[in-house]
file target_24.txt (compact mmCIF, N, CA and C atoms)
# COMPACT_ATOMS: atom_id res chain seq x y z
N ALA A 1 -3.70 -16.53 11.18
CA ALA A 1 -3.48 -15.10 11.02
C ALA A 1 -2.01 -14.86 10.67
N GLY A 2 -1.72 -13.69 10.16
CA GLY A 2 -0.36 -13.36 9.78
C GLY A 2 -0.03 -13.83 8.38
N PHE A 3 1.20 -13.61 8.00
CA PHE A 3 1.66 -13.98 6.68
C PHE A 3 2.08 -15.45 6.63
N THR A 4 1.95 -16.02 5.46
CA THR A 4 2.41 -17.38 5.24
C THR A 4 3.93 -17.38 5.24
N SER A 5 4.51 -18.29 6.01
CA SER A 5 5.95 -18.38 6.12
C SER A 5 6.49 -19.45 5.17
N LYS A 6 7.59 -19.14 4.52
CA LYS A 6 8.26 -20.09 3.64
C LYS A 6 9.76 -19.95 3.90
N ALA A 7 10.39 -21.04 4.29
CA ALA A 7 11.83 -21.06 4.59
C ALA A 7 12.18 -20.00 5.63
N GLY A 8 11.27 -19.79 6.60
CA GLY A 8 11.53 -18.84 7.68
C GLY A 8 11.31 -17.39 7.33
N LEU A 9 10.76 -17.13 6.16
CA LEU A 9 10.52 -15.75 5.73
C LEU A 9 9.05 -15.55 5.37
N VAL A 10 8.59 -14.30 5.42
CA VAL A 10 7.26 -13.93 4.95
C VAL A 10 7.42 -12.94 3.81
N PHE A 11 6.36 -12.79 3.03
CA PHE A 11 6.45 -12.03 1.79
C PHE A 11 5.29 -11.04 1.66
N PRO A 12 5.35 -9.92 2.41
CA PRO A 12 4.28 -8.94 2.32
C PRO A 12 4.34 -8.15 1.01
N ALA A 13 3.17 -7.71 0.58
CA ALA A 13 3.06 -6.86 -0.62
C ALA A 13 2.16 -5.68 -0.28
N CYS A 14 2.27 -4.62 -1.05
CA CYS A 14 1.45 -3.42 -0.81
C CYS A 14 1.26 -2.68 -2.13
N SER A 15 0.02 -2.29 -2.38
CA SER A 15 -0.25 -1.41 -3.53
C SER A 15 -0.94 -0.14 -3.02
N ILE A 16 -0.71 0.96 -3.72
CA ILE A 16 -1.26 2.25 -3.32
C ILE A 16 -1.85 2.93 -4.56
N VAL A 17 -3.12 3.36 -4.43
CA VAL A 17 -3.77 4.10 -5.52
C VAL A 17 -4.33 5.40 -4.93
N LEU A 18 -4.14 6.50 -5.64
CA LEU A 18 -4.66 7.80 -5.24
C LEU A 18 -5.43 8.38 -6.41
N ARG A 19 -6.68 8.82 -6.13
CA ARG A 19 -7.53 9.37 -7.19
C ARG A 19 -8.00 10.77 -6.81
N ASP A 20 -8.18 11.61 -7.84
CA ASP A 20 -8.70 12.96 -7.59
C ASP A 20 -10.22 12.93 -7.50
N GLU A 21 -10.83 14.10 -7.34
CA GLU A 21 -12.28 14.19 -7.16
C GLU A 21 -13.07 13.69 -8.36
N LYS A 22 -12.46 13.67 -9.53
CA LYS A 22 -13.12 13.17 -10.74
C LYS A 22 -12.95 11.67 -10.90
N GLY A 23 -12.17 11.05 -10.00
CA GLY A 23 -11.92 9.62 -10.09
C GLY A 23 -10.72 9.26 -10.95
N THR A 24 -10.00 10.27 -11.39
CA THR A 24 -8.80 10.05 -12.21
C THR A 24 -7.66 9.58 -11.32
N THR A 25 -7.01 8.52 -11.68
CA THR A 25 -5.88 8.00 -10.92
C THR A 25 -4.68 8.92 -11.13
N ILE A 26 -4.15 9.46 -10.03
CA ILE A 26 -2.98 10.33 -10.14
C ILE A 26 -1.73 9.66 -9.57
N LEU A 27 -1.93 8.53 -8.87
CA LEU A 27 -0.81 7.75 -8.35
C LEU A 27 -1.23 6.30 -8.33
N ASN A 28 -0.41 5.43 -8.89
CA ASN A 28 -0.71 4.00 -8.87
C ASN A 28 0.61 3.25 -8.69
N ILE A 29 0.84 2.81 -7.48
CA ILE A 29 2.05 2.04 -7.18
C ILE A 29 1.61 0.60 -6.99
N ALA A 30 1.86 -0.21 -7.98
CA ALA A 30 1.40 -1.60 -7.96
C ALA A 30 2.14 -2.44 -6.93
N ASP A 31 3.40 -2.12 -6.67
CA ASP A 31 4.20 -2.94 -5.75
C ASP A 31 5.08 -2.03 -4.89
N ALA A 32 4.47 -1.39 -3.91
CA ALA A 32 5.21 -0.47 -3.04
C ALA A 32 6.24 -1.20 -2.18
N PHE A 33 6.05 -2.52 -1.99
CA PHE A 33 6.99 -3.32 -1.21
C PHE A 33 7.87 -4.19 -2.11
N GLU A 34 8.17 -3.71 -3.29
CA GLU A 34 9.00 -4.48 -4.23
C GLU A 34 10.32 -4.91 -3.59
N ALA A 35 10.88 -4.07 -2.75
CA ALA A 35 12.15 -4.38 -2.10
C ALA A 35 12.04 -5.59 -1.15
N LEU A 36 10.80 -5.97 -0.80
CA LEU A 36 10.59 -7.10 0.11
C LEU A 36 10.23 -8.39 -0.62
N LYS A 37 10.30 -8.38 -1.94
CA LYS A 37 9.83 -9.54 -2.71
C LYS A 37 10.62 -10.82 -2.42
N ASP A 38 11.84 -10.68 -1.91
CA ASP A 38 12.64 -11.86 -1.56
C ASP A 38 12.40 -12.30 -0.13
N GLY A 39 11.47 -11.63 0.56
CA GLY A 39 11.07 -12.02 1.89
C GLY A 39 11.80 -11.28 2.99
N ARG A 40 11.24 -11.41 4.20
CA ARG A 40 11.85 -10.84 5.39
C ARG A 40 11.41 -11.67 6.59
N LYS A 41 12.08 -11.50 7.70
CA LYS A 41 11.76 -12.26 8.89
C LYS A 41 10.38 -11.87 9.41
N PRO A 42 9.61 -12.83 9.90
CA PRO A 42 8.25 -12.54 10.38
C PRO A 42 8.20 -11.43 11.43
N ASN A 43 9.16 -11.38 12.35
CA ASN A 43 9.12 -10.35 13.39
C ASN A 43 9.36 -8.95 12.82
N GLU A 44 9.83 -8.84 11.60
CA GLU A 44 10.03 -7.54 10.94
C GLU A 44 8.79 -7.11 10.17
N SER A 45 7.77 -7.96 10.16
CA SER A 45 6.55 -7.67 9.38
C SER A 45 5.30 -7.67 10.25
N SER A 46 5.47 -7.55 11.56
CA SER A 46 4.30 -7.56 12.43
C SER A 46 3.51 -6.27 12.34
N GLU A 47 4.15 -5.20 11.89
CA GLU A 47 3.47 -3.92 11.69
C GLU A 47 3.95 -3.33 10.36
N LEU A 48 3.01 -3.06 9.48
CA LEU A 48 3.34 -2.52 8.16
C LEU A 48 2.77 -1.11 8.02
N THR A 49 3.48 -0.25 7.32
CA THR A 49 2.99 1.10 7.05
C THR A 49 3.19 1.43 5.58
N ALA A 50 2.35 2.33 5.10
CA ALA A 50 2.48 2.87 3.74
C ALA A 50 2.36 4.38 3.86
N THR A 51 3.15 5.09 3.09
CA THR A 51 3.17 6.55 3.16
C THR A 51 2.84 7.14 1.80
N ILE A 52 1.97 8.13 1.81
CA ILE A 52 1.67 8.89 0.60
C ILE A 52 2.20 10.30 0.81
N THR A 53 3.11 10.71 -0.05
CA THR A 53 3.66 12.06 0.02
C THR A 53 2.82 12.98 -0.87
N THR A 54 2.34 14.06 -0.28
CA THR A 54 1.50 14.97 -1.05
C THR A 54 2.35 15.97 -1.82
N GLY A 55 1.79 16.46 -2.90
CA GLY A 55 2.48 17.43 -3.74
C GLY A 55 1.87 17.41 -5.12
N SER A 56 2.54 17.99 -6.09
CA SER A 56 2.05 18.05 -7.46
C SER A 56 1.79 16.63 -7.97
N PRO A 57 0.68 16.37 -8.62
CA PRO A 57 -0.34 17.27 -9.15
C PRO A 57 -1.51 17.53 -8.20
N MET A 58 -1.34 17.32 -6.91
CA MET A 58 -2.40 17.60 -5.95
C MET A 58 -2.52 19.11 -5.73
N ASN A 59 -3.76 19.57 -5.51
CA ASN A 59 -4.01 21.00 -5.37
C ASN A 59 -4.71 21.31 -4.06
N VAL A 60 -4.38 22.46 -3.47
CA VAL A 60 -5.00 22.92 -2.24
C VAL A 60 -6.51 23.04 -2.45
N GLY A 61 -7.28 22.60 -1.44
CA GLY A 61 -8.73 22.69 -1.50
C GLY A 61 -9.40 21.48 -2.14
N MET A 62 -8.63 20.59 -2.68
CA MET A 62 -9.19 19.41 -3.34
C MET A 62 -9.14 18.21 -2.39
N THR A 63 -10.05 17.28 -2.62
CA THR A 63 -10.11 16.05 -1.84
C THR A 63 -9.68 14.88 -2.73
N TYR A 64 -8.88 14.00 -2.17
CA TYR A 64 -8.35 12.85 -2.90
C TYR A 64 -8.69 11.57 -2.14
N ALA A 65 -9.02 10.54 -2.88
CA ALA A 65 -9.33 9.24 -2.29
C ALA A 65 -8.12 8.32 -2.45
N TYR A 66 -7.81 7.61 -1.36
CA TYR A 66 -6.71 6.65 -1.45
C TYR A 66 -7.19 5.25 -1.11
N GLU A 67 -6.47 4.29 -1.64
CA GLU A 67 -6.70 2.89 -1.33
C GLU A 67 -5.34 2.22 -1.20
N VAL A 68 -5.09 1.65 -0.04
CA VAL A 68 -3.85 0.93 0.21
C VAL A 68 -4.22 -0.52 0.48
N ILE A 69 -3.60 -1.42 -0.23
CA ILE A 69 -3.89 -2.85 -0.07
C ILE A 69 -2.62 -3.57 0.37
N PHE A 70 -2.69 -4.18 1.55
CA PHE A 70 -1.61 -5.03 2.04
C PHE A 70 -2.01 -6.46 1.75
N SER A 71 -1.08 -7.24 1.24
CA SER A 71 -1.39 -8.63 0.91
C SER A 71 -0.18 -9.52 1.16
N ASP A 72 -0.43 -10.81 1.03
CA ASP A 72 0.57 -11.85 1.25
C ASP A 72 0.92 -12.46 -0.11
N ARG A 73 2.16 -12.32 -0.54
CA ARG A 73 2.56 -12.86 -1.84
C ARG A 73 2.39 -14.39 -1.92
N MET A 74 2.36 -15.06 -0.77
CA MET A 74 2.25 -16.52 -0.74
C MET A 74 0.81 -17.00 -0.59
N ASP A 75 -0.13 -16.12 -0.27
CA ASP A 75 -1.52 -16.50 -0.06
C ASP A 75 -2.41 -15.32 -0.44
N THR A 76 -2.91 -15.32 -1.66
CA THR A 76 -3.69 -14.18 -2.17
C THR A 76 -5.02 -13.99 -1.47
N SER A 77 -5.42 -14.93 -0.61
CA SER A 77 -6.67 -14.75 0.13
C SER A 77 -6.48 -13.85 1.34
N LYS A 78 -5.24 -13.55 1.69
CA LYS A 78 -4.95 -12.70 2.85
C LYS A 78 -4.73 -11.27 2.38
N ILE A 79 -5.78 -10.46 2.55
CA ILE A 79 -5.73 -9.08 2.06
C ILE A 79 -6.32 -8.14 3.11
N ILE A 80 -5.68 -7.01 3.32
CA ILE A 80 -6.21 -5.94 4.15
C ILE A 80 -6.30 -4.70 3.27
N THR A 81 -7.48 -4.13 3.16
CA THR A 81 -7.69 -2.93 2.34
C THR A 81 -7.99 -1.74 3.24
N CYS A 82 -7.27 -0.65 3.04
CA CYS A 82 -7.48 0.59 3.79
C CYS A 82 -7.88 1.68 2.79
N LYS A 83 -9.03 2.32 3.06
CA LYS A 83 -9.50 3.39 2.17
C LYS A 83 -9.75 4.64 3.00
N GLY A 84 -9.56 5.78 2.36
CA GLY A 84 -9.82 7.04 3.04
C GLY A 84 -9.68 8.21 2.10
N THR A 85 -9.72 9.40 2.68
CA THR A 85 -9.58 10.60 1.88
C THR A 85 -8.50 11.50 2.47
N ILE A 86 -7.94 12.31 1.60
CA ILE A 86 -6.96 13.32 1.97
C ILE A 86 -7.49 14.64 1.46
N VAL A 87 -7.57 15.65 2.33
CA VAL A 87 -7.98 16.98 1.91
C VAL A 87 -6.73 17.86 1.94
N MET A 88 -6.38 18.42 0.81
CA MET A 88 -5.20 19.29 0.74
C MET A 88 -5.55 20.65 1.31
N GLU A 89 -4.78 21.08 2.29
CA GLU A 89 -5.02 22.39 2.92
C GLU A 89 -3.87 23.32 2.67

call {"tool": "encode", "arguments": {"input": "target_24.txt", "output": "structure tokens"}}
result
Amino acid sequence: AGFTSKAGLVFPACSIVLRDEKGTTILNIADAFEALKDGRKPNESSELTATITTGSPMNVGMTYAYEVIFSDRMDTSKIITCKGTIVME
């Protein structure tokens, strides 16, 4: 379990996709953890979070689907996918 360690560092990755009710992608961040591509200490990666900031082009009363994928840059078989919806109020 956990990330693959190389030279005492781990290499988490994260992608975020947000789609509107028609399935149109309105946000696609292929590498939300780009700043971590050179690695970080394992104890700094025991808990990962991703944040989606709402706003334009999102509209009140609409529902949006999100998909956040956490992965290990050193082992592509290690993937956690989180899916859900956001209702703009």

call {"tool": "residues_around", "arguments": {"input": "target_24.txt", "residues": "A:Ile29", "least_positions_apart": "3", "cutoff": "8 Å", "atoms": "only N, CA and C atoms", "output": "list in words"}}
result
Cys14, Ser15, Ile16, Val17, Leu18, Ile26, Ala32 and Phe33 of chain A

call {"tool": "residues_near_point", "arguments": {"input": "target_24.txt", "point": "(13.1, -13.8, 9.6)", "cutoff": "8 Å", "atoms": "all atoms listed in the file", "output": "ChimeraX atom specification"}}
result
/A:7-10,39-45

call {"tool": "select_by_dssp", "arguments": {"input": "target_24.txt", "residues": "chain A", "states": "helix (DSSP H, G or I)", "output": "ChimeraX atom specification"}}
result
/A:34-36,42-44

call {"tool": "atom_distance", "arguments": {"input": "target_24.txt", "atom1": "atom CA of A:Lys78", "atom2": "atom CA of A:Tyr64"}}
result
26.4 Å

call {"tool": "residues_near_point", "arguments": {"input": "target_24.txt", "point": "(-8.3, -5.9, 4.5)", "cutoff": "8 Å", "atoms": "all atoms listed in the file", "output": "list in words"}}
result
Val68, Ile69, Phe70, Lys78, Ile79, Ile80, Thr81 and Cys82 of chain A

call {"tool": "write_last_selection", "arguments": {"input": "target_24.txt", "atoms": "N, CA and C atoms", "output": "mmCIF file, in the coordinates of the input"}}
result
data_model
loop_
_atom_site.group_PDB
_atom_site.id
_atom_site.type_symbol
_atom_site.label_atom_id
_atom_site.label_comp_id
_atom_site.auth_asym_id
_atom_site.auth_seq_id
_atom_site.Cartn_x
_atom_site.Cartn_y
_atom_site.Cartn_z
ATOM 1 N N VAL A 68 -5.090 1.650 -0.040
ATOM 2 C CA VAL A 68 -3.850 0.930 0.210
ATOM 3 C C VAL A 68 -4.220 -0.520 0.480
ATOM 4 N N ILE A 69 -3.600 -1.420 -0.230
ATOM 5 C CA ILE A 69 -3.890 -2.850 -0.070
ATOM 6 C C ILE A 69 -2.620 -3.570 0.370
ATOM 7 N N PHE A 70 -2.690 -4.180 1.550
ATOM 8 C CA PHE A 70 -1.610 -5.030 2.040
ATOM 9 C C PHE A 70 -2.010 -6.460 1.750
ATOM 10 N N LYS A 78 -5.240 -13.550 1.690
ATOM 11 C CA LYS A 78 -4.950 -12.700 2.850
ATOM 12 C C LYS A 78 -4.730 -11.270 2.380
ATOM 13 N N ILE A 79 -5.780 -10.460 2.550
ATOM 14 C CA ILE A 79 -5.730 -9.080 2.060
ATOM 15 C C ILE A 79 -6.320 -8.140 3.110
ATOM 16 N N ILE A 80 -5.680 -7.010 3.320
ATOM 17 C CA ILE A 80 -6.210 -5.940 4.150
ATOM 18 C C ILE A 80 -6.300 -4.700 3.270
ATOM 19 N N THR A 81 -7.480 -4.130 3.160
ATOM 20 C CA THR A 81 -7.690 -2.930 2.340
ATOM 21 C C THR A 81 -7.990 -1.740 3.240
ATOM 22 N N CYS A 82 -7.270 -0.650 3.040
ATOM 23 C CA CYS A 82 -7.480 0.590 3.790
ATOM 24 C C CYS A 82 -7.880 1.680 2.790
#

call {"tool": "residues_around", "arguments": {"input": "target_24.txt", "residues": "A:Lys83", "least_positions_apart": "6", "cutoff": "7 Å", "atoms": "only N, CA and C atoms", "output": "ChimeraX atom specification"}}
result
/A:65-68

call {"tool": "write_last_selection", "arguments": {"input": "target_24.txt", "atoms": "N, CA and C atoms", "output": "PDB file, in the frame of the given file"}}
result
ATOM      1  N   ALA A  65      -9.020  10.540  -2.880  1.00  0.00           N
ATOM      2  CA  ALA A  65      -9.330   9.240  -2.290  1.00  0.00           C
ATOM      3  C   ALA A  65      -8.120   8.320  -2.450  1.00  0.00           C
ATOM      4  N   TYR A  66      -7.810   7.610  -1.360  1.00  0.00           N
ATOM      5  CA  TYR A  66      -6.710   6.650  -1.450  1.00  0.00           C
ATOM      6  C   TYR A  66      -7.190   5.250  -1.110  1.00  0.00           C
ATOM      7  N   GLU A  67      -6.470   4.290  -1.640  1.00  0.00           N
ATOM      8  CA  GLU A  67      -6.700   2.890  -1.330  1.00  0.00           C
ATOM      9  C   GLU A  67      -5.340   2.220  -1.200  1.00  0.00           C
ATOM     10  N   VAL A  68      -5.090   1.650  -0.040  1.00  0.00           N
ATOM     11  CA  VAL A  68      -3.850   0.930   0.210  1.00  0.00           C
ATOM     12  C   VAL A  68      -4.220  -0.520   0.480  1.00  0.00           C
TER      13      VAL A  68
END

call {"tool": "atom_distance", "arguments": {"input": "target_24.txt", "atom1": "atom CA of A:Glu21", "atom2": "atom CA of A:Val60"}}
result
12.4 Å

call {"tool": "closest_residue", "arguments": {"input": "target_24.txt", "among": "A:Met74, A:Leu36, A:Ile86, A:Leu27", "to": "A:Leu48", "atoms": "only C-alpha atoms"}}
result
A:Leu36

call {"tool": "atom_distance", "arguments": {"input": "target_24.txt", "atom1": "atom N of A:Gly23", "atom2": "atom N of A:Gly61"}}
result
15.2 Å

call {"tool": "closest_residue", "arguments": {"input": "target_24.txt", "among": "A:Met62, A:Pro57, A:Arg73, A:Thr24", "to": "A:Lys6", "atoms": "only C-alpha atoms"}}
result
A:Arg73

call {"tool": "closest_residue", "arguments": {"input": "target_24.txt", "among": "A:Thr25, A:Val87, A:Arg19, A:Asp31", "to": "A:Asp72", "atoms": "only C-alpha atoms"}}
result
A:Asp31

call {"tool": "select_by_dssp", "arguments": {"input": "target_24.txt", "residues": "chain A", "states": "strand (DSSP E)", "output": "JSON, numbers by chain"}}
result
{"A": [12, 13, 14, 15, 16, 17, 18, 19, 25, 26, 27, 28, 29, 63, 64, 65, 66, 67, 68, 69, 70, 71, 72, 75, 76, 77, 78, 79, 80, 81, 82, 83, 84, 85, 86, 87]}

call {"tool": "closest_residue", "arguments": {"input": "target_24.txt", "among": "A:Glu89, A:Ser46, A:Ala13, A:Asp38", "to": "A:Asn59", "atoms": "all atoms listed in the file"}}
result
A:Glu89

call {"tool": "closest_residue", "arguments": {"input": "target_24.txt", "among": "A:Thr4, A:Thr51, A:Ser56, A:Thr63", "to": "A:Ser77", "atoms": "only C-alpha atoms"}}
result
A:Thr4
